[in-house]
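Text of the file my_file36.cif, holding mmCIF, C-alpha atoms and all ligand atoms:
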```cif
data_input
#
loop_
_atom_site.label_atom_id
_atom_site.label_comp_id
_atom_site.auth_asym_id
_atom_site.auth_seq_id
_atom_site.Cartn_x
_atom_site.Cartn_y
_atom_site.Cartn_z
CA MET A 1 -61.47 22.78 41.43
CA THR A 2 -63.23 25.67 39.75
CA PRO A 3 -62.96 26.29 36.00
CA PHE A 4 -60.47 28.95 34.91
CA ARG A 5 -62.47 31.74 33.36
CA TRP A 6 -60.95 34.33 31.11
CA ARG A 7 -61.65 37.83 32.39
CA ASP A 8 -60.84 41.20 30.92
CA ASN A 9 -58.33 42.13 33.58
CA LEU A 10 -56.14 39.30 32.25
CA SER A 11 -55.74 41.05 28.91
CA LEU A 12 -52.43 42.76 28.11
CA ASP A 13 -54.00 44.22 24.96
CA VAL A 14 -51.23 42.48 23.07
CA PRO A 15 -53.04 40.08 20.72
CA ALA A 16 -50.23 37.51 20.41
CA VAL A 17 -49.86 37.22 24.19
CA ASP A 18 -53.59 37.25 24.94
CA LYS A 19 -54.17 34.53 22.35
CA ASP A 20 -51.52 32.33 23.99
CA HIS A 21 -52.94 32.91 27.46
CA ARG A 22 -56.44 32.07 26.28
CA HIS A 23 -55.20 28.89 24.64
CA LEU A 24 -53.42 27.84 27.84
CA ILE A 25 -56.61 28.48 29.80
CA ASP A 26 -58.60 26.40 27.27
CA LEU A 27 -56.16 23.52 27.61
CA LEU A 28 -56.31 23.72 31.40
CA ASN A 29 -60.09 23.62 31.34
CA ARG A 30 -60.04 20.66 29.00
CA LEU A 31 -57.74 18.88 31.44
CA ARG A 32 -59.97 19.76 34.36
CA TYR A 33 -63.03 18.44 32.56
CA MET A 34 -61.26 15.19 31.68
CA ALA A 35 -60.13 14.70 35.26
CA LEU A 36 -63.68 15.18 36.51
CA ALA A 37 -65.14 12.92 33.81
CA GLY A 38 -62.58 10.21 34.61
CA ASP A 39 -61.35 10.04 31.03
CA ASP A 40 -58.77 7.43 30.15
CA ARG A 41 -55.18 8.09 31.07
CA GLN A 42 -53.89 8.17 27.52
CA ALA A 43 -56.23 11.02 26.56
CA VAL A 44 -55.35 12.88 29.76
CA GLY A 45 -51.67 12.34 29.02
CA ASP A 46 -52.07 13.86 25.56
CA VAL A 47 -53.52 17.07 27.01
CA LEU A 48 -50.84 17.15 29.70
CA TRP A 49 -48.19 16.93 27.02
CA GLU A 50 -49.87 19.67 24.99
CA LEU A 51 -49.83 21.89 28.07
CA VAL A 52 -46.14 21.23 28.71
CA GLN A 53 -45.31 22.01 25.07
CA TYR A 54 -47.51 25.04 24.70
CA THR A 55 -46.32 26.55 27.98
CA ALA A 56 -42.74 26.34 26.71
CA GLU A 57 -43.70 27.80 23.32
CA HIS A 58 -45.59 30.64 24.92
CA PHE A 59 -42.68 31.49 27.22
CA THR A 60 -40.33 31.62 24.25
CA ARG A 61 -42.65 34.02 22.41
CA GLU A 62 -43.08 36.21 25.47
CA GLU A 63 -39.32 36.29 26.09
CA MET A 64 -38.72 37.39 22.51
CA LEU A 65 -41.19 40.25 22.95
CA MET A 66 -39.51 41.26 26.21
CA ARG A 67 -36.10 41.41 24.54
CA LEU A 68 -37.35 43.29 21.49
CA SER A 69 -39.15 45.84 23.63
CA GLY A 70 -36.18 46.38 25.95
CA TYR A 71 -38.13 45.30 29.02
CA PRO A 72 -35.73 45.90 31.95
CA GLY A 73 -37.08 42.99 34.01
CA TYR A 74 -36.31 40.42 31.32
CA LYS A 75 -33.76 38.39 33.29
CA ALA A 76 -35.94 37.98 36.37
CA HIS A 77 -39.00 37.13 34.30
CA ARG A 78 -37.01 34.62 32.27
CA HIS A 79 -35.84 33.02 35.49
CA ILE A 80 -39.44 32.59 36.67
CA HIS A 81 -40.30 31.00 33.30
CA ASP A 82 -37.30 28.66 33.55
CA ASN A 83 -38.44 27.44 36.95
CA LEU A 84 -41.94 26.71 35.74
CA ARG A 85 -40.69 25.08 32.52
CA GLN A 86 -38.64 22.73 34.69
CA ARG A 87 -41.50 22.14 37.14
CA VAL A 88 -44.05 21.13 34.49
CA ALA A 89 -41.46 18.96 32.73
CA ASP A 90 -40.77 17.18 36.05
CA LEU A 91 -44.48 16.72 36.67
CA TYR A 92 -44.92 15.27 33.21
CA THR A 93 -42.08 12.82 33.90
CA GLU A 94 -43.87 11.85 37.10
CA TYR A 95 -47.05 11.25 35.12
CA ARG A 96 -45.18 9.10 32.59
CA ARG A 97 -43.63 7.02 35.34
CA VAL A 98 -46.93 6.02 36.99
CA PRO A 99 -49.90 7.43 35.05
CA ALA A 100 -52.46 5.66 37.25
CA THR A 101 -51.51 7.48 40.46
CA PHE A 102 -50.72 10.90 38.99
CA ASP A 103 -52.97 13.54 40.52
CA VAL A 104 -54.38 15.37 37.50
CA GLN A 105 -56.58 17.62 39.63
CA GLU A 106 -53.59 18.75 41.64
CA PHE A 107 -51.68 19.46 38.44
CA TYR A 108 -54.60 21.48 37.11
CA GLN A 109 -54.90 23.50 40.30
CA PHE A 110 -51.18 24.15 40.50
CA LEU A 111 -50.86 25.37 36.92
CA ALA A 112 -54.14 27.32 36.93
CA ASP A 113 -53.14 29.18 40.12
CA TRP A 114 -49.64 29.75 38.82
CA LEU A 115 -50.83 31.11 35.49
CA LEU A 116 -53.39 33.44 37.03
CA MET A 117 -50.87 34.95 39.44
CA HIS A 118 -48.16 35.12 36.81
CA ILE A 119 -50.29 36.93 34.24
CA LEU A 120 -51.53 39.46 36.79
CA GLY A 121 -48.25 39.88 38.64
CA GLU A 122 -45.50 39.50 36.02
CA ASP A 123 -46.85 39.52 32.47
CA MET A 124 -48.79 42.69 33.16
CA LYS A 125 -45.49 44.53 33.83
CA ILE A 126 -44.35 44.05 30.23
CA LYS A 127 -47.53 45.60 28.82
CA PRO A 128 -46.29 49.23 28.51
CA TYR A 129 -43.02 48.15 26.88
CA VAL A 130 -44.66 45.89 24.36
CA GLU A 131 -47.23 48.57 23.58
CA LYS A 132 -44.42 51.03 22.82
CA LEU A 133 -42.86 48.44 20.56
CA ALA A 134 -46.12 48.09 18.64
CA GLU A 135 -46.38 51.88 18.34
CA ALA A 136 -42.82 52.17 17.06
CA ARG A 137 -43.50 49.50 14.47
CA ALA A 138 -46.68 51.20 13.34
CA ALA A 139 -44.93 54.60 12.97
FE FE B 201 -47.51 34.72 29.75
FE FE B 202 -44.54 35.37 31.62
#
```

Please, can you express the file's structure as structure tokens?
Ligand SMILES: [Fe+2]
Ligand SMILES: [Fe+2]
Amino acid sequence: MTPFRWRDNLSLDVPAVDKDHRHLIDLLNRLRYMALAGDDRQAVGDVLWELVQYTAEHFTREEMLMRLSGYPGYKAHRHIHDNLRQRVADLYTEYRRVPATFDVQEFYQFLADWLLMHILGEDMKIKPYVEKLAEARAA
């Protein structure tokens, strides 16, 4: 379970999106640290909930940018977001049901891997469209 380090190739050069991604990475690292330190379940649960909420918020912001910029892959990207939104909500329900046996490390690894691949593979595709949008707004 290695920490999730921000690296420059994760940047879309879109400040609003980069800021969200960095915040998600921070939350994931906080969760990882708590899991390793054996922090109490209530505190872990609070960070889990923050992650569930912030993931949803971030997706909404990203989807708005995709629509505004006329990104042609919007529907497919939205579908990927919907699946993950559902997945993390289900995992959170699992945690709530039996906090003591919930595998926080597994949750961390799942979401960290997912986010890394998603930023590099999917979010990166919206970069040129969102950049054009920013240019048009500046003109
Ligand atoms: Fe994203
Ligand atoms: Fe995305």

Grab me every residue within 10 Å of ligand FE 202 (chain B), counting only C-alpha atoms and all ligand atoms, and send it over as a ChimeraX atom specification.
-> /A:17,21,55,58-63,66,74,77-81,84,115,118-126

Please, which residues are within 9 Å of (-42.9, 20.5, 32.7) by the file's coordinates, counting all atoms listed in the file, and could they come as a ChimeraX atom specification?
-> /A:49,51-53,55-56,84-93

Find the residues around segment 100-108 of chain A up to 12 Å (only C-alpha atoms counted), leave out those fewer than 4 positions away in its own chain, and share them as number ranges by chain.
-> A: 1-4, 24-45, 47-48, 51-52, 87-96, 112-115

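Going from atom CA of Tyr54 of chain A over to atom CA of Ala138 of chain A, you cover 28.5 Å.
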
Provide the atom FE of ligand FE 201 (chain B) to atom CA of Pro99 of chain A distance in Å, to one decimal place.
->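 These two atoms are separated by 27.9 Å.
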
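The closest residue to ligand FE 201 (chain B), picked from A:Ser11, A:Asn83, A:Gln109, A:Ser69 and counting all atoms listed in the file, is A:Ser11.
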
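The two atoms in question, atom CA of Met117 of chain A and atom CA of Val98 of chain A, are spaced 29.3 Å apart.
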
Measuring atom to atom with all atoms listed in the file, identify which of A:Arg5, A:His23, A:Pro15, A:Glu135 is nearest to Glu50 of chain A.
-> A:His23

Considering all atoms listed in the file, state which residue in the set A:Ala136, A:Leu68, A:Leu12, A:Phe110 is at the smallest distance from ligand FE 201 (chain B).
->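 Among A:Ala136, A:Leu68, A:Leu12, A:Phe110, it is A:Leu12 that comes nearest to ligand FE 201 (chain B).
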
With all atoms listed in the file as the atoms that count, which of A:Asp20, A:Asn9, A:Asp46, A:Val14 lies nearest to ligand FE 201 (chain B)?
->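 Between A:Asp20, A:Asn9, A:Asp46, A:Val14, the residue approaching ligand FE 201 (chain B) most closely is A:Asp20.
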
Edge lengths and centre in Å to one decimal, as AutoDock Vina command-line options, of the axis-aligned box that encloses all listed atoms of segment 70-73 of chain A with 4 Å added on every side?
```
--center_x -36.9 --center_y 44.7 --center_z 30.0 --size_x 10.4 --size_y 11.4 --size_z 16.1
```
